[in-house]
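Below is the file protein_8.cif, which contains mmCIF, C-alpha atoms.
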```cif
data_target
#
loop_
_atom_site.group_PDB
_atom_site.id
_atom_site.type_symbol
_atom_site.label_atom_id
_atom_site.label_comp_id
_atom_site.auth_asym_id
_atom_site.auth_seq_id
_atom_site.Cartn_x
_atom_site.Cartn_y
_atom_site.Cartn_z
ATOM 1 C CA MET L 699 -0.940 12.559 -19.274
ATOM 2 C CA ILE L 700 -3.053 14.147 -16.568
ATOM 3 C CA LEU L 701 -5.920 11.879 -15.527
ATOM 4 C CA THR L 702 -8.568 12.969 -13.036
ATOM 5 C CA VAL L 703 -10.682 10.398 -11.259
ATOM 6 C CA GLY L 704 -13.622 12.478 -10.115
ATOM 7 C CA ASN L 705 -17.323 12.678 -9.475
ATOM 8 C CA ILE L 706 -19.532 15.034 -7.493
ATOM 9 C CA LYS L 707 -20.984 11.987 -5.746
ATOM 10 C CA GLY L 708 -19.006 10.360 -2.955
ATOM 11 C CA GLY L 709 -18.473 6.678 -2.271
ATOM 12 C CA VAL L 710 -18.245 5.654 -5.920
ATOM 13 C CA GLY L 711 -14.728 4.196 -5.752
ATOM 14 C CA LYS L 712 -12.677 7.193 -6.912
ATOM 15 C CA THR L 713 -9.795 6.762 -4.496
ATOM 16 C CA THR L 714 -9.652 2.986 -4.896
ATOM 17 C CA LEU L 715 -9.387 3.354 -8.678
ATOM 18 C CA ALA L 716 -6.934 6.263 -8.469
ATOM 19 C CA VAL L 717 -4.459 4.404 -6.237
ATOM 20 C CA ASN L 718 -4.740 1.198 -8.269
ATOM 21 C CA LEU L 719 -4.063 3.115 -11.482
ATOM 22 C CA ALA L 720 -1.132 4.966 -9.884
ATOM 23 C CA ILE L 721 0.475 1.757 -8.607
ATOM 24 C CA VAL L 722 0.117 -0.172 -11.879
ATOM 25 C CA ARG L 723 1.291 2.786 -13.943
ATOM 26 C CA ALA L 724 4.332 3.237 -11.674
ATOM 27 C CA ALA L 725 5.060 -0.516 -11.813
ATOM 28 C CA SER L 726 5.300 -0.245 -15.606
ATOM 29 C CA GLY L 727 8.206 2.158 -15.184
ATOM 30 C CA ARG L 728 6.421 5.500 -15.388
ATOM 31 C CA ASP L 729 7.190 8.358 -13.029
ATOM 32 C CA VAL L 730 3.803 8.948 -11.387
ATOM 33 C CA LEU L 731 2.449 11.784 -9.263
ATOM 34 C CA LEU L 732 -0.742 11.080 -7.336
ATOM 35 C CA VAL L 733 -2.561 14.284 -6.357
ATOM 36 C CA ASP L 734 -5.058 14.021 -3.516
ATOM 37 C CA GLY L 735 -7.568 16.846 -3.972
ATOM 38 C CA ASP L 736 -10.066 15.491 -1.473
ATOM 39 C CA ASP L 737 -10.439 17.037 2.012
ATOM 40 C CA GLN L 738 -10.638 13.558 3.506
ATOM 41 C CA ARG L 739 -7.141 12.828 2.208
ATOM 42 C CA THR L 740 -7.790 9.120 1.834
ATOM 43 C CA ALA L 741 -5.292 8.727 -1.008
ATOM 44 C CA LEU L 742 -2.551 10.246 1.158
ATOM 45 C CA THR L 743 -3.492 8.038 4.116
ATOM 46 C CA PHE L 744 -3.385 5.026 1.796
ATOM 47 C CA THR L 745 0.043 6.099 0.550
ATOM 48 C CA ASP L 746 1.339 6.354 4.140
ATOM 49 C CA LEU L 747 -0.009 2.877 4.843
ATOM 50 C CA ARG L 748 1.581 1.585 1.653
ATOM 51 C CA ALA L 749 4.952 3.103 2.573
ATOM 52 C CA ASP L 750 4.701 1.408 5.996
ATOM 53 C CA GLN L 751 3.795 -1.952 4.486
ATOM 54 C CA ILE L 752 6.049 -2.059 1.449
ATOM 55 C CA GLY L 753 8.821 0.430 2.228
ATOM 56 C CA SER L 754 8.260 2.804 -0.689
ATOM 57 C CA PRO L 755 4.965 3.613 -2.400
ATOM 58 C CA GLY L 756 6.569 3.632 -5.867
ATOM 59 C CA TYR L 757 4.937 6.937 -6.770
ATOM 60 C CA THR L 758 4.932 10.448 -5.331
ATOM 61 C CA ALA L 759 1.810 11.686 -3.550
ATOM 62 C CA VAL L 760 0.847 15.264 -2.703
ATOM 63 C CA GLY L 761 -2.274 16.933 -1.350
ATOM 64 C CA LEU L 762 -3.465 20.006 -3.278
ATOM 65 C CA GLN L 763 -6.708 21.925 -2.948
ATOM 66 C CA GLY L 764 -8.678 24.566 -4.819
ATOM 67 C CA ALA L 765 -7.005 26.987 -7.214
ATOM 68 C CA ALA L 766 -3.550 25.828 -6.035
ATOM 69 C CA LEU L 767 -4.312 22.432 -7.554
ATOM 70 C CA ARG L 768 -4.515 24.088 -10.979
ATOM 71 C CA THR L 769 -1.345 26.154 -10.677
ATOM 72 C CA GLN L 770 0.759 23.475 -8.970
ATOM 73 C CA VAL L 771 -0.246 20.612 -11.255
ATOM 74 C CA ARG L 772 0.525 22.717 -14.310
ATOM 75 C CA GLN L 773 4.007 23.352 -12.946
ATOM 76 C CA LEU L 774 4.537 19.698 -11.997
ATOM 77 C CA ALA L 775 3.175 18.307 -15.276
ATOM 78 C CA MET L 776 6.534 18.449 -17.008
ATOM 79 C CA LYS L 777 8.351 16.660 -14.183
ATOM 80 C CA TYR L 778 6.229 13.500 -14.240
ATOM 81 C CA ASP L 779 5.235 11.030 -16.948
ATOM 82 C CA ASP L 780 1.757 10.675 -15.489
ATOM 83 C CA ILE L 781 -0.331 12.642 -13.045
ATOM 84 C CA ILE L 782 -3.392 11.072 -11.464
ATOM 85 C CA ILE L 783 -5.730 13.379 -9.535
ATOM 86 C CA ASP L 784 -8.221 11.962 -7.047
ATOM 87 C CA VAL L 785 -10.869 14.579 -6.388
ATOM 88 C CA GLY L 786 -14.499 15.285 -5.643
ATOM 89 C CA GLY L 787 -17.230 13.632 -3.658
ATOM 90 C CA ARG L 788 -19.081 16.919 -4.106
ATOM 91 C CA ASP L 789 -18.788 20.097 -6.200
ATOM 92 C CA THR L 790 -15.532 21.508 -4.833
ATOM 93 C CA GLY L 791 -13.004 24.082 -6.002
ATOM 94 C CA SER L 792 -10.488 21.246 -6.231
ATOM 95 C CA LEU L 793 -12.710 19.273 -8.611
ATOM 96 C CA ARG L 794 -13.266 22.349 -10.764
ATOM 97 C CA ALA L 795 -9.565 23.201 -10.715
ATOM 98 C CA ALA L 796 -8.752 19.658 -11.877
ATOM 99 C CA LEU L 797 -11.268 19.955 -14.718
ATOM 100 C CA THR L 798 -9.509 23.045 -16.054
ATOM 101 C CA ILE L 799 -6.169 21.240 -16.543
ATOM 102 C CA THR L 800 -6.823 17.527 -16.937
ATOM 103 C CA HIS L 801 -6.559 15.686 -20.252
ATOM 104 C CA THR L 802 -8.958 12.943 -19.207
ATOM 105 C CA LEU L 803 -11.717 12.841 -16.627
ATOM 106 C CA LEU L 804 -12.742 9.362 -15.482
ATOM 107 C CA VAL L 805 -16.101 9.367 -13.695
ATOM 108 C CA PRO L 806 -16.803 6.143 -11.815
ATOM 109 C CA VAL L 807 -20.541 5.501 -11.558
ATOM 110 C CA GLN L 808 -22.212 2.704 -9.626
ATOM 111 C CA PRO L 809 -25.301 1.104 -11.161
ATOM 112 C CA ARG L 810 -27.557 2.874 -8.633
ATOM 113 C CA SER L 811 -30.189 5.553 -9.234
ATOM 114 C CA PHE L 812 -28.575 8.192 -6.982
ATOM 115 C CA ASP L 813 -25.264 7.766 -8.776
ATOM 116 C CA ILE L 814 -26.863 8.060 -12.175
ATOM 117 C CA TRP L 815 -28.806 11.190 -11.273
ATOM 118 C CA ALA L 816 -25.606 12.874 -10.117
ATOM 119 C CA VAL L 817 -24.014 12.335 -13.539
ATOM 120 C CA ASP L 818 -26.185 15.083 -15.045
ATOM 121 C CA GLN L 819 -24.506 17.598 -12.738
ATOM 122 C CA VAL L 820 -21.093 16.250 -13.735
ATOM 123 C CA ALA L 821 -22.100 16.731 -17.379
ATOM 124 C CA GLU L 822 -22.978 20.383 -16.637
ATOM 125 C CA LEU L 823 -19.578 20.927 -15.022
ATOM 126 C CA VAL L 824 -17.782 19.260 -17.926
ATOM 127 C CA LYS L 825 -19.629 21.487 -20.379
ATOM 128 C CA GLU L 826 -18.542 24.596 -18.481
ATOM 129 C CA ALA L 827 -14.994 23.316 -18.052
ATOM 130 C CA ARG L 828 -14.646 22.750 -21.804
ATOM 131 C CA GLU L 829 -14.938 26.498 -22.323
ATOM 132 C CA ILE L 830 -11.566 26.716 -20.560
ATOM 133 C CA ASN L 831 -10.157 23.245 -21.322
ATOM 134 C CA SER L 832 -11.547 22.510 -24.782
ATOM 135 C CA ASP L 833 -9.764 19.147 -25.288
ATOM 136 C CA LEU L 834 -11.121 17.610 -22.077
ATOM 137 C CA ARG L 835 -11.923 13.934 -22.657
ATOM 138 C CA ALA L 836 -14.681 12.827 -20.266
ATOM 139 C CA LEU L 837 -15.360 9.139 -19.675
ATOM 140 C CA LEU L 838 -17.972 7.315 -17.644
ATOM 141 C CA LEU L 839 -17.040 4.013 -16.047
ATOM 142 C CA LEU L 840 -19.584 1.589 -14.658
ATOM 143 C CA ASN L 841 -17.884 0.750 -11.353
ATOM 144 C CA SER L 842 -18.828 -1.639 -8.550
ATOM 145 C CA ALA L 843 -21.039 -3.306 -11.113
ATOM 146 C CA ASP L 844 -23.326 -6.131 -10.043
ATOM 147 C CA ALA L 845 -22.391 -9.751 -10.711
ATOM 148 C CA GLN L 846 -25.856 -10.388 -12.121
ATOM 149 C CA GLY L 847 -29.255 -8.823 -12.783
ATOM 150 C CA ARG L 848 -30.482 -6.077 -15.055
ATOM 151 C CA ASP L 849 -29.177 -3.042 -13.193
ATOM 152 C CA ASN L 850 -25.855 -2.875 -15.083
ATOM 153 C CA GLU L 851 -27.639 -2.795 -18.438
ATOM 154 C CA ASP L 852 -30.229 -0.274 -17.270
ATOM 155 C CA ALA L 853 -27.496 1.944 -15.841
ATOM 156 C CA ALA L 854 -25.484 1.692 -19.064
ATOM 157 C CA ALA L 855 -28.544 2.653 -21.116
ATOM 158 C CA ALA L 856 -29.107 5.730 -18.924
ATOM 159 C CA LEU L 857 -25.419 6.689 -19.057
ATOM 160 C CA ARG L 858 -25.268 6.446 -22.845
ATOM 161 C CA GLU L 859 -27.792 9.291 -22.974
ATOM 162 C CA VAL L 860 -25.556 11.675 -21.035
ATOM 163 C CA GLU L 861 -24.312 14.371 -23.372
ATOM 164 C CA GLY L 862 -20.638 15.193 -23.555
ATOM 165 C CA LEU L 863 -19.404 12.110 -21.708
ATOM 166 C CA GLU L 864 -18.546 8.774 -23.285
ATOM 167 C CA LEU L 865 -19.462 5.503 -21.561
ATOM 168 C CA LEU L 866 -16.559 3.049 -21.565
ATOM 169 C CA SER L 867 -17.294 -0.526 -22.633
ATOM 170 C CA VAL L 868 -14.976 -1.698 -19.835
ATOM 171 C CA ILE L 869 -16.810 -2.463 -16.589
ATOM 172 C CA VAL L 870 -15.280 -2.855 -13.119
ATOM 173 C CA GLY L 871 -17.221 -5.233 -10.886
ATOM 174 C CA ARG L 872 -17.983 -4.990 -7.202
ATOM 175 C CA ARG L 873 -15.118 -7.197 -6.040
ATOM 176 C CA LYS L 874 -13.866 -7.597 -2.508
ATOM 177 C CA ALA L 875 -10.338 -7.768 -3.911
ATOM 178 C CA PHE L 876 -10.244 -3.948 -4.241
ATOM 179 C CA PRO L 877 -10.995 -3.019 -0.605
ATOM 180 C CA ASN L 878 -9.049 -6.014 0.684
ATOM 181 C CA ALA L 879 -5.939 -5.059 -1.266
ATOM 182 C CA ALA L 880 -6.344 -1.395 -0.237
ATOM 183 C CA ALA L 881 -6.513 -2.384 3.426
ATOM 184 C CA GLY L 882 -3.011 -3.824 3.006
ATOM 185 C CA GLY L 883 -1.674 -0.782 1.142
ATOM 186 C CA ARG L 884 -1.688 -2.647 -2.152
ATOM 187 C CA ALA L 885 -3.224 -2.695 -5.628
ATOM 188 C CA VAL L 886 -5.194 -5.747 -6.739
ATOM 189 C CA THR L 887 -2.189 -6.702 -8.891
ATOM 190 C CA GLU L 888 -0.024 -7.048 -5.779
ATOM 191 C CA GLN L 889 -2.293 -9.254 -3.716
ATOM 192 C CA THR L 890 -1.645 -12.886 -2.867
ATOM 193 C CA PRO L 891 -3.653 -14.719 -3.896
ATOM 194 C CA LYS L 892 -4.739 -12.468 -6.749
ATOM 195 C CA ASP L 893 -8.320 -12.076 -7.918
ATOM 196 C CA PRO L 894 -7.700 -12.640 -11.660
ATOM 197 C CA LYS L 895 -10.950 -10.939 -12.669
ATOM 198 C CA ALA L 896 -10.160 -7.773 -10.733
ATOM 199 C CA VAL L 897 -6.668 -7.688 -12.254
ATOM 200 C CA GLU L 898 -8.077 -8.231 -15.742
ATOM 201 C CA GLU L 899 -10.612 -5.434 -15.324
ATOM 202 C CA LEU L 900 -7.977 -3.030 -14.046
ATOM 203 C CA HIS L 901 -5.695 -3.802 -17.002
ATOM 204 C CA ALA L 902 -8.572 -3.398 -19.448
ATOM 205 C CA LEU L 903 -9.312 0.013 -17.924
ATOM 206 C CA MET L 904 -5.639 1.025 -18.129
ATOM 207 C CA ALA L 905 -5.628 0.042 -21.798
ATOM 208 C CA VAL L 906 -8.508 2.344 -22.737
ATOM 209 C CA LEU L 907 -7.223 5.205 -20.596
ATOM 210 C CA TYR L 908 -3.641 5.199 -21.773
ATOM 211 C CA THR L 909 -3.710 4.154 -25.419
ATOM 212 C CA ALA L 910 -6.411 6.284 -27.036
ATOM 213 C CA MET E 1237 16.670 43.615 -3.767
ATOM 214 C CA ALA E 1238 14.466 43.470 -0.716
ATOM 215 C CA ILE E 1239 11.130 44.014 -2.388
ATOM 216 C CA THR E 1240 9.185 40.967 -3.534
ATOM 217 C CA LYS E 1241 6.221 41.249 -5.816
ATOM 218 C CA ASN E 1242 2.956 39.818 -4.608
ATOM 219 C CA PRO E 1243 3.326 36.096 -5.412
ATOM 220 C CA LYS E 1244 -0.376 35.829 -6.234
ATOM 221 C CA ARG E 1245 0.155 38.327 -9.001
ATOM 222 C CA ASN E 1246 2.969 36.189 -10.440
ATOM 223 C CA GLN E 1247 0.756 33.126 -10.517
ATOM 224 C CA LYS E 1248 -1.819 34.933 -12.576
ATOM 225 C CA GLU E 1249 0.798 35.768 -15.177
ATOM 226 C CA VAL E 1250 1.444 32.100 -16.034
ATOM 227 C CA GLY E 1251 -1.037 31.904 -18.908
ATOM 228 C CA PRO E 1252 -3.057 34.238 -21.079
ATOM 229 C CA PRO E 1253 -4.968 36.465 -18.628
ATOM 230 C CA SER E 1254 -8.425 35.848 -20.068
ATOM 231 C CA GLU E 1255 -8.133 32.066 -19.737
ATOM 232 C CA GLU E 1256 -6.758 32.434 -16.214
ATOM 233 C CA GLN E 1257 -9.626 34.672 -15.190
ATOM 234 C CA ALA E 1258 -12.150 32.275 -16.676
ATOM 235 C CA ALA E 1259 -10.552 29.376 -14.798
ATOM 236 C CA GLU E 1260 -10.538 31.321 -11.533
ATOM 237 C CA ALA E 1261 -14.197 32.221 -11.920
ATOM 238 C CA PHE E 1262 -15.098 28.627 -12.744
ATOM 239 C CA ILE E 1263 -13.200 27.280 -9.718
ATOM 240 C CA SER E 1264 -14.686 29.838 -7.338
ATOM 241 C CA GLN E 1265 -18.239 28.846 -8.286
ATOM 242 C CA ALA E 1266 -17.837 25.445 -6.579
ATOM 243 C CA GLY E 1267 -20.820 24.325 -4.542
ATOM 244 C CA LYS E 1268 -22.916 27.329 -5.512
ATOM 245 C CA ALA E 1269 -25.071 25.435 -7.974
ATOM 246 C CA GLY E 1270 -28.453 25.327 -6.255
ATOM 247 C CA PRO E 1271 -30.537 28.408 -5.468
ATOM 248 C CA GLN E 1272 -31.737 26.578 -2.351
ATOM 249 C CA GLU E 1273 -28.180 26.312 -1.087
ATOM 250 C CA ALA E 1274 -27.658 30.033 -1.595
ATOM 251 C CA GLN E 1275 -30.741 30.765 0.465
ATOM 252 C CA GLU E 1276 -29.634 28.418 3.223
ATOM 253 C CA ALA E 1277 -26.289 30.199 3.388
ATOM 254 C CA LYS E 1278 -28.036 33.445 4.385
ATOM 255 C CA LYS E 1279 -29.209 31.814 7.610
ATOM 256 C CA THR E 1280 -26.957 31.384 10.629
ATOM 257 C CA PRO E 1281 -27.714 28.684 13.180
ATOM 258 C CA VAL E 1282 -27.815 29.942 16.793
ATOM 259 C CA MET E 1283 -27.995 28.054 20.060
ATOM 260 C CA ILE E 1284 -30.062 29.667 22.810
ATOM 261 C CA ARG E 1285 -30.638 28.127 26.238
ATOM 262 C CA PHE E 1286 -34.316 28.366 27.190
ATOM 263 C CA ASP E 1287 -35.994 27.966 30.540
ATOM 264 C CA ARG E 1288 -37.936 24.705 30.182
ATOM 265 C CA GLU E 1289 -41.276 26.261 31.145
ATOM 266 C CA LEU E 1290 -40.829 29.074 28.638
ATOM 267 C CA LEU E 1291 -39.886 26.570 25.936
ATOM 268 C CA LYS E 1292 -43.050 24.572 26.645
ATOM 269 C CA ARG E 1293 -45.122 27.707 26.174
ATOM 270 C CA VAL E 1294 -43.232 28.514 22.961
ATOM 271 C CA ASP E 1295 -43.915 25.035 21.613
ATOM 272 C CA THR E 1296 -47.603 25.247 22.553
ATOM 273 C CA ALA E 1297 -47.925 28.608 20.810
ATOM 274 C CA ALA E 1298 -46.107 27.281 17.727
ATOM 275 C CA LYS E 1299 -48.367 24.243 17.631
ATOM 276 C CA ARG E 1300 -51.425 26.468 17.833
ATOM 277 C CA ARG E 1301 -50.229 28.327 14.751
ATOM 278 C CA GLY E 1302 -49.208 25.090 13.052
ATOM 279 C CA ILE E 1303 -45.616 26.202 12.527
ATOM 280 C CA SER E 1304 -42.248 24.944 13.778
ATOM 281 C CA ARG E 1305 -40.584 26.222 16.947
ATOM 282 C CA ALA E 1306 -37.901 27.960 14.864
ATOM 283 C CA ALA E 1307 -40.500 29.568 12.612
ATOM 284 C CA TRP E 1308 -42.548 30.783 15.623
ATOM 285 C CA VAL E 1309 -39.495 32.284 17.339
ATOM 286 C CA GLN E 1310 -38.489 34.095 14.150
ATOM 287 C CA PHE E 1311 -42.037 35.260 13.501
ATOM 288 C CA THR E 1312 -42.445 36.589 17.068
ATOM 289 C CA LEU E 1313 -39.072 38.271 17.101
ATOM 290 C CA SER E 1314 -39.593 39.955 13.771
ATOM 291 C CA ARG E 1315 -43.027 41.196 14.946
ATOM 292 C CA ALA E 1316 -41.492 42.597 18.139
ATOM 293 C CA LEU E 1317 -38.786 44.321 16.110
ATOM 294 C CA ASP E 1318 -41.324 45.762 13.683
ATOM 295 C CA GLN E 1319 -43.235 47.172 16.629
ATOM 296 C CA GLY E 1320 -40.288 49.272 17.684
ATOM 297 C CA GLU E 1321 -38.159 46.907 19.756
ATOM 298 C CA GLY E 1322 -34.435 47.154 18.942
#
```
Please rewrite the model in this file as structure tokens.
Amino acid sequence: MILTVGNIKGGVGKTTLAVNLAIVRAASGRDVLLVDGDDQRTALTFTDLRADQIGSPGYTAVGLQGAALRTQVRQLAMKYDDIIIDVGGRDTGSLRAALTITHTLLVPVQPRSFDIWAVDQVAELVKEAREINSDLRALLLLNSADAQGRDNEDAAAALREVEGLELLSVIVGRRKAFPNAAAGGRAVTEQTPKDPKAVEELHALMAVLYTA
Amino acid sequence: MAITKNPKRNQKEVGPPSEEQAAEAFISQAGKAGPQEAQEAKKTPVMIRFDRELLKRVDTAAKRRGISRAAWVQFTLSRALDQGEG
């Protein structure tokens, strides 16, 4: 399956989620390709760090941009069990190219007003992309959610109103385990000691992404 | 055979042409959403070194008109050009 983790807003946790998903998917025996479609190339830098720390990343990572992302991923799709594309931060050719070929789009959204406003633009893009990629499944994920307070609920209520994208019931909290693990080239599942809540949330997310 | 077809042309032949063209058009529209952005793109930033005294006079004149330095410079230049300069 081709999964794109994307948003037109930056700093929402796209790369962190993409690398965690790639690592866990690869650990379950799948042959995984991680495509970095972001100019900042954070996913590739992470993969280099991971190779340094662990020896082998466990998945293959490539950087692809713009229209080439569409043509190359389509050619590579048959060679891998799973492709995970990390893309966006703004409205780029790479993000649009990913939307034309992906099976699932996962849009991480923080429970913050700016993040929620940006989702309307994502919805517009998804609508246009469906004219080319009619089976595109588009999912909203409340990411970096607060430990307490009303903001999560308010954000969820606003996100449920977005047309054409489905809000997942799974929520990923704002947990230090994610950046801490990433700083060591690892997924939250590979940390010692593990943050059991972060691991549980990641597995719950994997379950909805890869079983439906 | 020593002649190679344009590789770009080969890429386009991968799928049905209409879908490929639609995808290409969609991808190429990236970042062109806002009309404001399109307008901004028509402007080119320039750096000009000014004599400090002249710049002071420019700023005073701009202030008198209640417009920015950039707006005053553009206004004055366009007036000079309209009057036959250049």
Using the chain letters and numbering of this document, enumerate as an mmCIF file with C-alpha atoms, keeping the file's coordinate frame the residues selected by the PyMOL selection byres ((chain E) within 6 of (chain L)).
```cif
data_model
loop_
_atom_site.group_PDB
_atom_site.id
_atom_site.type_symbol
_atom_site.label_atom_id
_atom_site.label_comp_id
_atom_site.auth_asym_id
_atom_site.auth_seq_id
_atom_site.Cartn_x
_atom_site.Cartn_y
_atom_site.Cartn_z
ATOM 1 C CA ILE E 1263 -13.200 27.280 -9.718
ATOM 2 C CA ALA E 1266 -17.837 25.445 -6.579
ATOM 3 C CA GLY E 1267 -20.820 24.325 -4.542
#
```
Evaluate the PyMOL selection byres ((chain E and resi 1304-1311) around 12) against this structure - the residues, as a list in words, please. Lys1279, Pro1281, Val1282, Met1283, Ile1284, Phe1286, Leu1290, Leu1291, Lys1292, Arg1293, Val1294, Asp1295, Thr1296, Ala1297, Ala1298, Lys1299, Arg1300, Arg1301, Gly1302, Ile1303, Thr1312, Leu1313, Ser1314, Arg1315, Ala1316, Leu1317 and Asp1318 of chain E
May I have the residues from that selection written out with C-alpha atoms, as a short mmCIF file (atom, residue, chain, number, x, y, z; two decimals), in the frame of the given file?
```cif
data_model
loop_
_atom_site.label_atom_id
_atom_site.label_comp_id
_atom_site.auth_asym_id
_atom_site.auth_seq_id
_atom_site.Cartn_x
_atom_site.Cartn_y
_atom_site.Cartn_z
CA LYS E 1279 -29.21 31.81 7.61
CA PRO E 1281 -27.71 28.68 13.18
CA VAL E 1282 -27.82 29.94 16.79
CA MET E 1283 -28.00 28.05 20.06
CA ILE E 1284 -30.06 29.67 22.81
CA PHE E 1286 -34.32 28.37 27.19
CA LEU E 1290 -40.83 29.07 28.64
CA LEU E 1291 -39.89 26.57 25.94
CA LYS E 1292 -43.05 24.57 26.64
CA ARG E 1293 -45.12 27.71 26.17
CA VAL E 1294 -43.23 28.51 22.96
CA ASP E 1295 -43.92 25.04 21.61
CA THR E 1296 -47.60 25.25 22.55
CA ALA E 1297 -47.92 28.61 20.81
CA ALA E 1298 -46.11 27.28 17.73
CA LYS E 1299 -48.37 24.24 17.63
CA ARG E 1300 -51.42 26.47 17.83
CA ARG E 1301 -50.23 28.33 14.75
CA GLY E 1302 -49.21 25.09 13.05
CA ILE E 1303 -45.62 26.20 12.53
CA THR E 1312 -42.44 36.59 17.07
CA LEU E 1313 -39.07 38.27 17.10
CA SER E 1314 -39.59 39.96 13.77
CA ARG E 1315 -43.03 41.20 14.95
CA ALA E 1316 -41.49 42.60 18.14
CA LEU E 1317 -38.79 44.32 16.11
CA ASP E 1318 -41.32 45.76 13.68
#
```
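For the atom pair formed by atom CA of L:Asn705 and atom CA of L:Asp734, the distance is 13.7 Å, given to one decimal.
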Computed gap from atom CA of E:Glu1256 to atom CA of L:Gly761 is 21.9 Å
*Could you name the residues that touch stretch 713-723 of chain L at 8 Å or less, counting all atoms listed in the file, but leaving out those on the same chain fewer than 4 positions away, as a list in words?*
Val703, Gly727, Arg728, Val730, Leu731, Leu732, Thr740, Ala741, Pro755, Gly756, Tyr757, Ile782, Ile783, Asp784, Phe876, Pro877, Ala880, Arg884, Ala885, Val886, Thr887, Leu900 and Met904 of chain L
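Put simply, atom CA of L:Thr802 is 7.5 Å away from atom CA of L:Leu837.
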I want to know what sits within 9 Å of stretch 847-857 of chain L, based on only C-alpha atoms, with residues of the same chain fewer than 6 positions away left out; could you give that as a JSON list (two decimals) with C-alpha atoms, in the coordinates of the input?
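Dumped everything to around-v8.json:
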```json
[["chain", "number", "residue", "atom", "x", "y", "z"],
["L", 807, "VAL", "CA", -20.54, 5.50, -11.56],
["L", 808, "GLN", "CA", -22.21, 2.70, -9.63],
["L", 809, "PRO", "CA", -25.30, 1.10, -11.16],
["L", 810, "ARG", "CA", -27.56, 2.87, -8.63],
["L", 811, "SER", "CA", -30.19, 5.55, -9.23],
["L", 814, "ILE", "CA", -26.86, 8.06, -12.18],
["L", 817, "VAL", "CA", -24.01, 12.34, -13.54],
["L", 838, "LEU", "CA", -17.97, 7.32, -17.64],
["L", 840, "LEU", "CA", -19.58, 1.59, -14.66],
["L", 863, "LEU", "CA", -19.40, 12.11, -21.71],
["L", 864, "GLU", "CA", -18.55, 8.77, -23.28],
["L", 865, "LEU", "CA", -19.46, 5.50, -21.56]]
```
Save stretch 861-873 of chain L to a file: N, CA and C atoms, as a PDB file, in the first residue's frame.
```pdb
ATOM      1  N   GLU L 861     -15.142  18.347   4.890  1.00  0.00           N
ATOM      2  CA  GLU L 861     -15.716  17.441   3.890  1.00  0.00           C
ATOM      3  C   GLU L 861     -14.631  16.680   3.140  1.00  0.00           C
ATOM      4  N   GLY L 862     -14.892  15.391   2.949  1.00  0.00           N
ATOM      5  CA  GLY L 862     -13.999  14.587   2.126  1.00  0.00           C
ATOM      6  C   GLY L 862     -12.842  13.951   2.874  1.00  0.00           C
ATOM      7  N   LEU L 863     -12.692  14.296   4.151  1.00  0.00           N
ATOM      8  CA  LEU L 863     -11.648  13.664   4.965  1.00  0.00           C
ATOM      9  C   LEU L 863     -12.286  13.101   6.229  1.00  0.00           C
ATOM     10  N   GLU L 864     -11.815  11.917   6.614  1.00  0.00           N
ATOM     11  CA  GLU L 864     -12.403  11.232   7.771  1.00  0.00           C
ATOM     12  C   GLU L 864     -11.493  11.392   8.981  1.00  0.00           C
ATOM     13  N   LEU L 865     -12.055  11.804  10.106  1.00  0.00           N
ATOM     14  CA  LEU L 865     -11.265  11.945  11.335  1.00  0.00           C
ATOM     15  C   LEU L 865     -11.131  10.584  12.014  1.00  0.00           C
ATOM     16  N   LEU L 866      -9.889  10.173  12.267  1.00  0.00           N
ATOM     17  CA  LEU L 866      -9.654   8.895  12.934  1.00  0.00           C
ATOM     18  C   LEU L 866     -10.000   9.020  14.423  1.00  0.00           C
ATOM     19  N   SER L 867     -10.497   7.915  14.998  1.00  0.00           N
ATOM     20  CA  SER L 867     -10.792   7.954  16.438  1.00  0.00           C
ATOM     21  C   SER L 867      -9.501   7.808  17.248  1.00  0.00           C
ATOM     22  N   VAL L 868      -8.458   7.269  16.608  1.00  0.00           N
ATOM     23  CA  VAL L 868      -7.149   7.166  17.266  1.00  0.00           C
ATOM     24  C   VAL L 868      -6.562   8.569  17.423  1.00  0.00           C
ATOM     25  N   ILE L 869      -5.957   8.818  18.570  1.00  0.00           N
ATOM     26  CA  ILE L 869      -5.298  10.100  18.832  1.00  0.00           C
ATOM     27  C   ILE L 869      -3.849   9.813  19.231  1.00  0.00           C
ATOM     28  N   VAL L 870      -2.919  10.640  18.742  1.00  0.00           N
ATOM     29  CA  VAL L 870      -1.525  10.513  19.190  1.00  0.00           C
ATOM     30  C   VAL L 870      -1.207  11.727  20.056  1.00  0.00           C
ATOM     31  N   GLY L 871      -0.772  11.486  21.264  1.00  0.00           N
ATOM     32  CA  GLY L 871      -0.524  12.569  22.220  1.00  0.00           C
ATOM     33  C   GLY L 871       0.812  13.259  22.000  1.00  0.00           C
ATOM     34  N   ARG L 872       0.923  14.429  22.612  1.00  0.00           N
ATOM     35  CA  ARG L 872       2.213  15.134  22.588  1.00  0.00           C
ATOM     36  C   ARG L 872       3.110  14.458  23.625  1.00  0.00           C
ATOM     37  N   ARG L 873       3.950  13.559  23.168  1.00  0.00           N
ATOM     38  CA  ARG L 873       4.789  12.779  24.088  1.00  0.00           C
ATOM     39  C   ARG L 873       6.251  12.969  23.747  1.00  0.00           C
TER      40      ARG L 873
END
```
